[in-house]
$ cat my_file-v5.cif   # mmCIF, C-alpha atoms
data_query
#
loop_
_atom_site.label_atom_id
_atom_site.label_comp_id
_atom_site.auth_asym_id
_atom_site.auth_seq_id
_atom_site.Cartn_x
_atom_site.Cartn_y
_atom_site.Cartn_z
CA ILE A 1 -12.68 -51.05 -108.37
CA ALA A 2 -13.29 -52.54 -104.94
CA ASN A 3 -11.72 -55.80 -106.14
CA TYR A 4 -8.38 -54.23 -107.00
CA ASP A 5 -5.44 -54.72 -104.66
CA SER A 6 -4.63 -51.12 -103.83
CA GLU A 7 -1.03 -51.91 -102.86
CA THR A 8 -0.45 -53.46 -106.27
CA TYR A 9 -2.43 -51.14 -108.50
CA TYR A 10 -3.33 -47.84 -106.81
CA ARG A 11 -2.40 -45.48 -104.05
CA VAL A 12 -4.22 -42.35 -102.89
CA THR A 13 -2.56 -39.25 -104.29
CA TRP A 14 -5.24 -36.65 -103.44
CA ALA A 15 -8.32 -36.67 -101.20
CA GLU A 16 -10.74 -34.25 -99.56
CA GLU A 17 -12.65 -35.74 -96.64
CA PHE A 18 -13.99 -32.42 -95.24
CA ASN A 19 -12.78 -33.39 -91.80
CA TYR A 20 -13.20 -29.88 -90.40
CA ASP A 21 -16.07 -27.50 -89.66
CA GLY A 22 -16.78 -24.00 -90.91
CA GLU A 23 -15.81 -22.52 -94.24
CA LEU A 24 -14.53 -24.48 -97.23
CA ASP A 25 -10.75 -24.94 -97.30
CA MET A 26 -9.76 -22.61 -100.13
CA THR A 27 -6.23 -24.00 -100.25
CA LYS A 28 -7.80 -26.97 -102.05
CA TRP A 29 -10.70 -25.33 -103.88
CA THR A 30 -11.71 -22.35 -105.97
CA VAL A 31 -15.24 -21.21 -106.86
CA MET A 32 -16.81 -21.12 -110.31
CA MET A 33 -19.08 -18.12 -110.77
CA ALA A 34 -21.51 -17.07 -113.51
CA ASN A 35 -22.73 -20.12 -115.42
CA LYS A 36 -24.51 -18.64 -118.43
CA HIS A 37 -27.12 -21.43 -118.42
CA GLU A 38 -28.49 -20.79 -114.94
CA LEU A 39 -31.81 -19.25 -113.97
CA ALA A 40 -30.51 -18.59 -110.44
CA THR A 41 -28.08 -16.09 -108.94
CA GLN A 42 -24.93 -17.53 -107.39
CA VAL A 43 -24.29 -16.36 -103.83
CA LEU A 44 -21.07 -17.10 -101.98
CA ASP A 45 -21.65 -16.88 -98.21
CA GLU A 46 -22.26 -18.96 -95.09
CA THR A 47 -25.97 -19.27 -95.96
CA THR A 48 -25.30 -21.18 -99.17
CA SER A 49 -22.24 -23.19 -98.08
CA SER A 50 -20.75 -24.77 -94.98
CA VAL A 51 -18.60 -27.72 -93.92
CA GLU A 52 -20.25 -29.74 -91.15
CA ASN A 53 -19.66 -33.21 -89.71
CA GLY A 54 -17.39 -34.32 -92.53
CA LEU A 55 -19.61 -32.96 -95.30
CA LEU A 56 -19.49 -30.04 -97.70
CA ILE A 57 -23.07 -28.74 -97.93
CA MET A 58 -24.04 -26.51 -100.86
CA ARG A 59 -27.53 -25.00 -100.61
CA GLY A 60 -30.06 -23.43 -102.94
CA PHE A 61 -33.04 -21.23 -102.08
CA LYS A 62 -36.16 -19.70 -103.60
CA ASN A 63 -36.85 -16.01 -102.91
CA ASP A 64 -40.28 -14.64 -102.05
CA ASP A 65 -40.47 -13.01 -105.48
CA GLY A 66 -40.01 -16.39 -107.20
CA THR A 67 -36.35 -15.99 -108.12
CA TYR A 68 -33.63 -18.40 -106.99
CA PHE A 69 -30.11 -18.34 -105.60
CA HIS A 70 -27.55 -20.99 -104.69
CA HIS A 71 -23.89 -21.58 -103.97
CA PRO A 72 -21.56 -21.60 -107.00
CA SER A 73 -19.83 -24.79 -108.03
CA VAL A 74 -16.41 -25.51 -106.58
CA GLN A 75 -13.33 -26.62 -108.50
CA THR A 76 -9.85 -27.79 -107.63
CA GLY A 77 -8.41 -25.57 -110.34
CA ASN A 78 -4.62 -25.47 -110.21
CA ASN A 79 -4.69 -26.93 -106.69
CA MET A 80 -5.15 -30.42 -108.19
CA ARG A 81 -5.12 -31.64 -111.78
CA TYR A 82 -4.73 -35.23 -112.81
CA ASN A 83 -4.18 -37.49 -115.79
CA PHE A 84 -5.29 -41.16 -115.52
CA GLY A 85 -6.33 -43.04 -112.41
CA TYR A 86 -9.52 -43.58 -110.44
CA LEU A 87 -11.62 -40.74 -109.08
CA GLU A 88 -14.80 -40.96 -107.03
CA LEU A 89 -17.27 -38.87 -105.06
CA ARG A 90 -19.64 -39.92 -102.30
CA ALA A 91 -22.58 -37.55 -102.10
CA ARG A 92 -26.30 -37.08 -101.69
CA ILE A 93 -27.65 -34.84 -104.41
CA PRO A 94 -30.65 -32.49 -104.14
CA ASP A 95 -34.12 -33.70 -105.04
CA GLY A 96 -36.28 -31.85 -107.52
CA LYS A 97 -37.06 -31.63 -111.19
CA GLY A 98 -34.96 -28.89 -112.73
CA ILE A 99 -32.18 -29.14 -110.14
CA TYR A 100 -29.10 -29.99 -112.21
CA SER A 101 -26.38 -31.67 -110.14
CA SER A 102 -22.99 -32.62 -111.55
CA PHE A 103 -19.56 -34.05 -110.81
CA TRP A 104 -17.16 -33.42 -113.66
CA THR A 105 -13.62 -32.72 -114.80
CA THR A 106 -12.39 -30.20 -117.31
CA GLY A 107 -9.18 -28.83 -118.78
CA ASP A 108 -7.19 -28.57 -122.03
CA GLY A 109 -10.32 -28.83 -124.17
CA LEU A 110 -11.48 -32.12 -122.58
CA GLU A 111 -14.43 -32.61 -120.24
CA PHE A 112 -15.61 -35.79 -118.55
CA ASP A 113 -19.03 -35.58 -116.89
CA ILE A 114 -18.73 -38.37 -114.33
CA PHE A 115 -22.37 -37.87 -113.56
CA GLU A 116 -25.10 -35.39 -114.38
CA SER A 117 -28.49 -35.52 -112.71
CA LEU A 118 -31.16 -33.74 -114.68
CA GLY A 119 -33.50 -33.69 -111.71
CA VAL A 120 -35.15 -37.01 -112.62
CA ALA A 121 -35.29 -39.45 -109.72
CA HIS A 122 -34.56 -42.70 -111.54
CA ASN A 123 -31.57 -41.97 -113.78
CA GLN A 124 -28.30 -40.15 -114.19
CA GLN A 125 -25.96 -39.85 -117.16
CA CYS A 126 -22.28 -39.57 -118.01
CA ASN A 127 -20.74 -37.76 -120.94
CA ILE A 128 -17.52 -36.86 -122.73
CA HIS A 129 -17.06 -33.45 -124.34
CA TYR A 130 -14.36 -32.25 -126.71
CA TRP A 131 -14.08 -28.49 -126.91
CA GLY A 132 -12.46 -26.09 -129.34
CA SER A 133 -9.48 -27.55 -131.20
CA LEU A 134 -10.24 -31.08 -129.90
CA ALA A 135 -13.65 -31.08 -131.59
CA PRO A 136 -14.00 -32.60 -135.08
CA ASP A 137 -12.66 -30.41 -137.89
CA ASP A 138 -11.44 -27.90 -135.28
CA GLU A 139 -14.94 -26.45 -135.09
CA ASP A 140 -15.54 -24.11 -132.17
CA HIS A 141 -18.17 -26.21 -130.47
CA HIS A 142 -18.32 -29.36 -128.40
CA THR A 143 -19.25 -32.90 -129.22
CA SER A 144 -20.56 -35.50 -126.84
CA LEU A 145 -21.59 -39.11 -126.55
CA ASP A 146 -24.97 -38.11 -127.99
CA GLY A 147 -23.31 -38.42 -131.37
CA ILE A 148 -21.63 -41.75 -130.62
CA VAL A 149 -24.12 -43.97 -128.78
CA SER A 150 -27.79 -43.91 -127.92
CA ASN A 151 -28.79 -41.94 -124.86
CA THR A 152 -29.79 -45.06 -122.95
CA GLU A 153 -26.29 -46.54 -123.11
CA ARG A 154 -24.67 -43.68 -121.22
CA ARG A 155 -27.37 -43.46 -118.54
CA TYR A 156 -27.59 -45.35 -115.28
CA TYR A 157 -31.12 -46.34 -114.32
CA HIS A 158 -31.91 -46.75 -110.64
CA GLU A 159 -34.47 -49.56 -110.55
CA ASN A 160 -35.45 -49.25 -106.89
CA GLY A 161 -35.84 -46.01 -105.01
CA SER A 162 -34.31 -42.71 -105.99
CA LEU A 163 -30.90 -41.24 -106.69
CA PHE A 164 -31.75 -38.64 -104.05
CA ASP A 165 -32.73 -40.88 -101.14
CA ASP A 166 -29.26 -41.72 -99.82
CA PHE A 167 -25.55 -41.15 -100.28
CA ARG A 168 -24.26 -42.70 -103.50
CA THR A 169 -20.75 -43.21 -104.86
CA VAL A 170 -20.00 -42.22 -108.44
CA GLY A 171 -16.63 -42.77 -110.05
CA MET A 172 -14.51 -42.72 -113.18
CA TYR A 173 -11.75 -45.19 -114.00
CA TRP A 174 -9.52 -43.54 -116.62
CA THR A 175 -6.49 -44.95 -118.43
CA ALA A 176 -4.92 -44.47 -121.85
CA GLU A 177 -6.78 -47.59 -123.02
CA GLU A 178 -10.28 -46.99 -121.65
CA ILE A 179 -12.66 -45.02 -119.50
CA LYS A 180 -15.39 -46.52 -117.31
CA PHE A 181 -18.13 -44.61 -115.54
CA ILE A 182 -19.19 -46.22 -112.27
CA TYR A 183 -22.21 -45.96 -109.98
CA ASP A 184 -22.11 -47.59 -106.52
CA GLY A 185 -19.38 -49.98 -107.67
CA GLN A 186 -21.07 -50.91 -110.96
CA ALA A 187 -19.48 -49.87 -114.27
CA TYR A 188 -22.37 -48.86 -116.52
CA TYR A 189 -20.66 -47.18 -119.47
CA TYR A 190 -17.36 -47.92 -121.23
CA GLU A 191 -15.50 -46.01 -123.93
CA PRO A 192 -12.19 -47.08 -125.55
CA GLY A 193 -9.17 -44.81 -125.28
CA ASP A 194 -8.70 -41.73 -127.44
CA ASP A 195 -5.44 -40.07 -128.44
CA ARG A 196 -6.96 -36.75 -127.39
CA TRP A 197 -6.71 -37.89 -123.75
CA ILE A 198 -2.92 -38.02 -123.75
CA ASP A 199 -1.21 -35.33 -121.66
CA LYS A 200 -4.51 -33.73 -120.67
CA TYR A 201 -4.57 -32.70 -117.02
CA LEU A 202 -8.02 -32.10 -115.64
CA ALA A 203 -9.41 -30.21 -112.64
CA LEU A 204 -12.30 -31.60 -110.58
CA SER A 205 -15.62 -29.73 -110.23
CA ILE A 206 -18.70 -30.26 -108.06
CA GLY A 207 -21.93 -28.27 -108.04
CA PHE A 208 -25.52 -27.78 -109.12
CA ASN A 209 -27.79 -25.35 -110.94
CA ILE A 210 -31.34 -24.37 -110.12
CA GLY A 211 -32.86 -24.30 -113.56
CA TRP A 212 -31.13 -24.22 -116.91
CA ASP A 213 -32.08 -21.70 -119.55
CA GLY A 214 -33.69 -23.55 -122.46
CA ARG A 215 -34.11 -26.77 -120.49
CA THR A 216 -36.35 -27.91 -117.65
CA PRO A 217 -37.26 -25.10 -115.24
CA PRO A 218 -37.45 -25.80 -111.49
CA SER A 219 -40.55 -27.65 -110.38
CA ASP A 220 -43.15 -25.78 -108.37
CA ASP A 221 -43.26 -28.78 -106.01
CA THR A 222 -39.59 -28.52 -104.99
CA VAL A 223 -39.05 -27.89 -101.27
CA TYR A 224 -36.33 -25.34 -100.43
CA PRO A 225 -33.61 -25.12 -99.40
CA VAL A 226 -32.19 -27.88 -101.56
CA GLU A 227 -28.86 -29.33 -100.47
CA TYR A 228 -26.03 -31.05 -102.32
#

$ encode --input "my_file-v5.cif" --output "structure tokens"
Amino acid sequence: IANYDSETYYRVTWAEEFNYDGELDMTKWTVMMANKHELATQVLDETTSSVENGLLIMRGFKNDDGTYFHHPSVQTGNNMRYNFGYLELRARIPDGKGIYSSFWTTGDGLEFDIFESLGVAHNQQCNIHYWGSLAPDDEDHHTSLDGIVSNTERRYYHENGSLFDDFRTVGMYWTAEEIKFIYDGQAYYYEPGDDRWIDKYLALSIGFNIGWDGRTPPSDDTVYPVEY
């Protein structure tokens, strides 16, 4: 993407640089409450979220009784939806096994997971989900790349260091002909175009879970608060 001539190919149509301090600008964002998979309670207040020095900081905590709470995910909702183009996020995600961080889009039965961290230091993964009527045979469930390619093909492996040790840039290049998932300027997974992408306008979501029911629980070694 860095090699493209932006004047010829692309122009910025929407951006959020968090160039203010205090509470999140709710003219651009909405909150997503009550994820059924979580082991933690979602709490929306100044303890779990703030905008400081050009950063949105979402925090998660462990209570004295062993339970957890964290800020809910945020979504552009109807404030911004898009179809085709290039989208990226620069972020430092929280460290810890069982801390599930994500950057994804959803809408009209289509979901692109630009990245999902499953709390493992050396890899992340992308995914495509088709929900409801977009799923095969109109079944009321979702499909994903698990049924198309091997898991290793849709994962990015960080050979040196950790995904958590610095700010990283993740992106998605999306056209009618193809989709590419990108990590720090490197395209690591490609999928050809699908007719189900046409006229689908997607909202952007950012957030994390502490624990996921039926998956990896939070590690006892995790240091709190965790910050995305």

$ residues_around --input "my_file-v5.cif" --residues "region 212-214 of chain A" --least-positions-apart "2" --cutoff "10 Å" --atoms "all atoms listed in the file" --output "PDB file with C-alpha atoms, in the frame of the given file"
ATOM      1  CA  ASN A  35     -22.730 -20.120-115.420  1.00  0.00           C
ATOM      2  CA  LYS A  36     -24.510 -18.640-118.430  1.00  0.00           C
ATOM      3  CA  HIS A  37     -27.120 -21.430-118.420  1.00  0.00           C
ATOM      4  CA  GLU A  38     -28.490 -20.790-114.940  1.00  0.00           C
ATOM      5  CA  LEU A  39     -31.810 -19.250-113.970  1.00  0.00           C
ATOM      6  CA  ALA A  40     -30.510 -18.590-110.440  1.00  0.00           C
ATOM      7  CA  GLY A  98     -34.960 -28.890-112.730  1.00  0.00           C
ATOM      8  CA  ILE A  99     -32.180 -29.140-110.140  1.00  0.00           C
ATOM      9  CA  TYR A 100     -29.100 -29.990-112.210  1.00  0.00           C
ATOM     10  CA  LEU A 118     -31.160 -33.740-114.680  1.00  0.00           C
ATOM     11  CA  ASN A 209     -27.790 -25.350-110.940  1.00  0.00           C
ATOM     12  CA  ILE A 210     -31.340 -24.370-110.120  1.00  0.00           C
ATOM     13  CA  THR A 216     -36.350 -27.910-117.650  1.00  0.00           C
ATOM     14  CA  PRO A 217     -37.260 -25.100-115.240  1.00  0.00           C
ATOM     15  CA  PRO A 218     -37.450 -25.800-111.490  1.00  0.00           C
TER      16      PRO A 218
END

$ residues_near_point --input "my_file-v5.cif" --point "(-23.4, -22.3, -110.6)" --cutoff "8 Å" --atoms "only C-alpha atoms" --output "list in words"
Met32, Met33, Ala34, Asn35, Glu38, Thr41, Gln42, His70, His71, Pro72, Ser73, Gly207, Phe208 and Asn209 of chain A

$ write_last_selection --input "my_file-v5.cif" --atoms "C-alpha atoms" --output "PDB file, keeping the file's coordinate frame"
ATOM      1  CA  MET A  32     -16.810 -21.120-110.310  1.00  0.00           C
ATOM      2  CA  MET A  33     -19.080 -18.120-110.770  1.00  0.00           C
ATOM      3  CA  ALA A  34     -21.510 -17.070-113.510  1.00  0.00           C
ATOM      4  CA  ASN A  35     -22.730 -20.120-115.420  1.00  0.00           C
ATOM      5  CA  GLU A  38     -28.490 -20.790-114.940  1.00  0.00           C
ATOM      6  CA  THR A  41     -28.080 -16.090-108.940  1.00  0.00           C
ATOM      7  CA  GLN A  42     -24.930 -17.530-107.390  1.00  0.00           C
ATOM      8  CA  HIS A  70     -27.550 -20.990-104.690  1.00  0.00           C
ATOM      9  CA  HIS A  71     -23.890 -21.580-103.970  1.00  0.00           C
ATOM     10  CA  PRO A  72     -21.560 -21.600-107.000  1.00  0.00           C
ATOM     11  CA  SER A  73     -19.830 -24.790-108.030  1.00  0.00           C
ATOM     12  CA  GLY A 207     -21.930 -28.270-108.040  1.00  0.00           C
ATOM     13  CA  PHE A 208     -25.520 -27.780-109.120  1.00  0.00           C
ATOM     14  CA  ASN A 209     -27.790 -25.350-110.940  1.00  0.00           C
TER      15      ASN A 209
END

$ atom_distance --input "my_file-v5.cif" --atom1 "CA of Ile198 (chain A)" --atom2 "CA of Asp113 (chain A)"
17.7 Å

$ resolve_selection --input "my_file-v5.cif" --expression "the PyMOL selection byres ((chain A and resi 193) around 9)" --output "number ranges by chain"
A: 174-179, 191-192, 194-197

$ resolve_selection --input "my_file-v5.cif" --expression "the PyMOL selection byres ((chain A and resi 224) around 12)" --output "short mmCIF file (atom, residue, chain, number, x, y, z; two decimals) with C-alpha atoms, in the coordinates of the input"
data_model
loop_
_atom_site.label_atom_id
_atom_site.label_comp_id
_atom_site.auth_asym_id
_atom_site.auth_seq_id
_atom_site.Cartn_x
_atom_site.Cartn_y
_atom_site.Cartn_z
CA THR A 48 -25.30 -21.18 -99.17
CA ARG A 59 -27.53 -25.00 -100.61
CA GLY A 60 -30.06 -23.43 -102.94
CA PHE A 61 -33.04 -21.23 -102.08
CA LYS A 62 -36.16 -19.70 -103.60
CA ASN A 63 -36.85 -16.01 -102.91
CA ASP A 64 -40.28 -14.64 -102.05
CA GLY A 66 -40.01 -16.39 -107.20
CA TYR A 68 -33.63 -18.40 -106.99
CA PHE A 69 -30.11 -18.34 -105.60
CA HIS A 70 -27.55 -20.99 -104.69
CA PRO A 94 -30.65 -32.49 -104.14
CA ASP A 95 -34.12 -33.70 -105.04
CA GLY A 96 -36.28 -31.85 -107.52
CA ILE A 99 -32.18 -29.14 -110.14
CA ILE A 210 -31.34 -24.37 -110.12
CA PRO A 218 -37.45 -25.80 -111.49
CA SER A 219 -40.55 -27.65 -110.38
CA ASP A 220 -43.15 -25.78 -108.37
CA ASP A 221 -43.26 -28.78 -106.01
CA THR A 222 -39.59 -28.52 -104.99
CA VAL A 223 -39.05 -27.89 -101.27
CA PRO A 225 -33.61 -25.12 -99.40
CA VAL A 226 -32.19 -27.88 -101.56
CA GLU A 227 -28.86 -29.33 -100.47
CA TYR A 228 -26.03 -31.05 -102.32
#

$ resolve_selection --input "my_file-v5.cif" --expression "the PyMOL selection byres ((chain A and resi 124) around 12)" --output "ChimeraX atom specification"
/A:93,100-103,113-123,125-127,151-159,162-164,168,170,181-183,188-189

$ closest_residue --input "my_file-v5.cif" --among "A:Arg215, A:Phe18, A:Gly185, A:Gly132" --to "Asn53 (chain A)" --atoms "all atoms listed in the file"
A:Phe18

$ closest_residue --input "my_file-v5.cif" --among "A:Tyr9, A:Phe112, A:Tyr20, A:Tyr86" --to "Ala203 (chain A)" --atoms "all atoms listed in the file"
A:Phe112

$ residues_around --input "my_file-v5.cif" --residues "Leu24 (chain A)" --least-positions-apart "2" --cutoff "9 Å" --atoms "all atoms listed in the file" --output "ChimeraX atom specification"
/A:18,20-22,26-29,49-51,56

$ atom_distance --input "my_file-v5.cif" --atom1 "CA of Thr13 (chain A)" --atom2 "CA of Asp25 (chain A)"
17.9 Å

$ residues_near_point --input "my_file-v5.cif" --point "(-16.8, -33.1, -111.3)" --cutoff "6 Å" --atoms "all atoms listed in the file" --output "PyMOL selection string"
chain A and resi 103-105+204-206

$ atom_distance --input "my_file-v5.cif" --atom1 "CA of Gly171 (chain A)" --atom2 "CA of Thr76 (chain A)"
16.6 Å

$ build_atoms --input "my_file-v5.cif" --residues "region 120-131 of chain A" --atoms "all heavy atoms" --output "mmCIF file, keeping the file's coordinate frame"
data_model
loop_
_atom_site.group_PDB
_atom_site.id
_atom_site.type_symbol
_atom_site.label_atom_id
_atom_site.label_comp_id
_atom_site.auth_asym_id
_atom_site.auth_seq_id
_atom_site.Cartn_x
_atom_site.Cartn_y
_atom_site.Cartn_z
ATOM 1 N N VAL A 120 -34.223 -35.892 -112.469
ATOM 2 C CA VAL A 120 -35.150 -37.010 -112.620
ATOM 3 C C VAL A 120 -34.718 -38.096 -111.639
ATOM 4 O O VAL A 120 -33.549 -38.485 -111.599
ATOM 5 C CB VAL A 120 -35.128 -37.566 -114.059
ATOM 6 C CG1 VAL A 120 -36.081 -38.744 -114.194
ATOM 7 C CG2 VAL A 120 -35.475 -36.462 -115.039
ATOM 8 N N ALA A 121 -35.643 -38.610 -110.862
ATOM 9 C CA ALA A 121 -35.290 -39.450 -109.720
ATOM 10 C C ALA A 121 -34.624 -40.763 -110.110
ATOM 11 O O ALA A 121 -33.806 -41.283 -109.366
ATOM 12 C CB ALA A 121 -36.536 -39.737 -108.886
ATOM 13 N N HIS A 122 -34.946 -41.315 -111.275
ATOM 14 C CA HIS A 122 -34.560 -42.700 -111.540
ATOM 15 C C HIS A 122 -33.349 -42.847 -112.455
ATOM 16 O O HIS A 122 -32.956 -43.964 -112.770
ATOM 17 C CB HIS A 122 -35.735 -43.466 -112.143
ATOM 18 C CG HIS A 122 -36.176 -42.932 -113.480
ATOM 19 N ND1 HIS A 122 -37.031 -41.876 -113.588
ATOM 20 C CD2 HIS A 122 -35.867 -43.298 -114.738
ATOM 21 C CE1 HIS A 122 -37.244 -41.615 -114.866
ATOM 22 N NE2 HIS A 122 -36.543 -42.457 -115.583
ATOM 23 N N ASN A 123 -32.747 -41.765 -112.933
ATOM 24 C CA ASN A 123 -31.570 -41.970 -113.780
ATOM 25 C C ASN A 123 -30.588 -40.824 -113.700
ATOM 26 O O ASN A 123 -30.923 -39.707 -113.315
ATOM 27 C CB ASN A 123 -31.973 -42.236 -115.234
ATOM 28 C CG ASN A 123 -32.445 -41.001 -115.958
ATOM 29 O OD1 ASN A 123 -31.668 -40.117 -116.257
ATOM 30 N ND2 ASN A 123 -33.743 -40.939 -116.246
ATOM 31 N N GLN A 124 -29.352 -41.140 -114.034
ATOM 32 C CA GLN A 124 -28.300 -40.150 -114.190
ATOM 33 C C GLN A 124 -27.569 -40.473 -115.483
ATOM 34 O O GLN A 124 -27.762 -41.532 -116.078
ATOM 35 C CB GLN A 124 -27.327 -40.196 -113.026
ATOM 36 C CG GLN A 124 -26.492 -41.471 -113.005
ATOM 37 C CD GLN A 124 -25.284 -41.375 -112.111
ATOM 38 O OE1 GLN A 124 -25.372 -40.956 -110.976
ATOM 39 N NE2 GLN A 124 -24.138 -41.782 -112.629
ATOM 40 N N GLN A 125 -26.673 -39.598 -115.922
ATOM 41 C CA GLN A 125 -25.960 -39.850 -117.160
ATOM 42 C C GLN A 125 -24.513 -39.390 -117.042
ATOM 43 O O GLN A 125 -24.174 -38.535 -116.221
ATOM 44 C CB GLN A 125 -26.623 -39.130 -118.326
ATOM 45 C CG GLN A 125 -26.591 -37.617 -118.228
ATOM 46 C CD GLN A 125 -27.396 -36.973 -119.328
ATOM 47 O OE1 GLN A 125 -28.355 -37.537 -119.844
ATOM 48 N NE2 GLN A 125 -27.001 -35.767 -119.710
ATOM 49 N N CYS A 126 -23.665 -40.000 -117.861
ATOM 50 C CA CYS A 126 -22.280 -39.570 -118.010
ATOM 51 C C CYS A 126 -22.115 -38.973 -119.394
ATOM 52 O O CYS A 126 -22.995 -39.084 -120.250
ATOM 53 C CB CYS A 126 -21.333 -40.760 -117.813
ATOM 54 S SG CYS A 126 -21.550 -42.092 -119.031
ATOM 55 N N ASN A 127 -20.966 -38.351 -119.629
ATOM 56 C CA ASN A 127 -20.740 -37.760 -120.940
ATOM 57 C C ASN A 127 -19.261 -37.442 -121.130
ATOM 58 O O ASN A 127 -18.517 -37.333 -120.150
ATOM 59 C CB ASN A 127 -21.555 -36.470 -121.111
ATOM 60 C CG ASN A 127 -22.082 -36.306 -122.519
ATOM 61 O OD1 ASN A 127 -21.511 -36.840 -123.472
ATOM 62 N ND2 ASN A 127 -23.173 -35.573 -122.665
ATOM 63 N N ILE A 128 -18.855 -37.313 -122.372
ATOM 64 C CA ILE A 128 -17.520 -36.860 -122.730
ATOM 65 C C ILE A 128 -17.679 -35.712 -123.724
ATOM 66 O O ILE A 128 -18.411 -35.830 -124.702
ATOM 67 C CB ILE A 128 -16.676 -37.979 -123.375
ATOM 68 C CG1 ILE A 128 -16.509 -39.153 -122.404
ATOM 69 C CG2 ILE A 128 -15.312 -37.457 -123.809
ATOM 70 C CD1 ILE A 128 -15.799 -40.347 -123.012
ATOM 71 N N HIS A 129 -17.006 -34.599 -123.448
ATOM 72 C CA HIS A 129 -17.060 -33.450 -124.340
ATOM 73 C C HIS A 129 -15.659 -33.111 -124.845
ATOM 74 O O HIS A 129 -14.703 -33.136 -124.075
ATOM 75 C CB HIS A 129 -17.613 -32.213 -123.622
ATOM 76 C CG HIS A 129 -19.022 -32.358 -123.137
ATOM 77 N ND1 HIS A 129 -20.112 -32.177 -123.946
ATOM 78 C CD2 HIS A 129 -19.514 -32.669 -121.912
ATOM 79 C CE1 HIS A 129 -21.221 -32.353 -123.244
ATOM 80 N NE2 HIS A 129 -20.880 -32.653 -122.009
ATOM 81 N N TYR A 130 -15.585 -32.773 -126.126
ATOM 82 C CA TYR A 130 -14.360 -32.250 -126.710
ATOM 83 C C TYR A 130 -14.634 -30.822 -127.167
ATOM 84 O O TYR A 130 -15.551 -30.570 -127.941
ATOM 85 C CB TYR A 130 -13.925 -33.099 -127.904
ATOM 86 C CG TYR A 130 -13.627 -34.535 -127.532
ATOM 87 C CD1 TYR A 130 -14.532 -35.547 -127.816
ATOM 88 C CD2 TYR A 130 -12.442 -34.872 -126.880
ATOM 89 C CE1 TYR A 130 -14.270 -36.866 -127.465
ATOM 90 C CE2 TYR A 130 -12.163 -36.188 -126.534
ATOM 91 C CZ TYR A 130 -13.084 -37.175 -126.828
ATOM 92 O OH TYR A 130 -12.812 -38.477 -126.471
ATOM 93 N N TRP A 131 -13.837 -29.892 -126.666
ATOM 94 C CA TRP A 131 -14.080 -28.490 -126.910
ATOM 95 C C TRP A 131 -13.015 -27.900 -127.846
ATOM 96 O O TRP A 131 -11.883 -28.368 -127.877
ATOM 97 C CB TRP A 131 -14.059 -27.700 -125.605
ATOM 98 C CG TRP A 131 -15.111 -28.099 -124.632
ATOM 99 C CD1 TRP A 131 -15.038 -29.092 -123.695
ATOM 100 C CD2 TRP A 131 -16.404 -27.530 -124.485
ATOM 101 N NE1 TRP A 131 -16.206 -29.168 -122.974
ATOM 102 C CE2 TRP A 131 -17.068 -28.222 -123.434
ATOM 103 C CE3 TRP A 131 -17.083 -26.494 -125.134
ATOM 104 C CZ2 TRP A 131 -18.358 -27.906 -123.027
ATOM 105 C CZ3 TRP A 131 -18.373 -26.177 -124.724
ATOM 106 C CH2 TRP A 131 -19.003 -26.884 -123.678
#
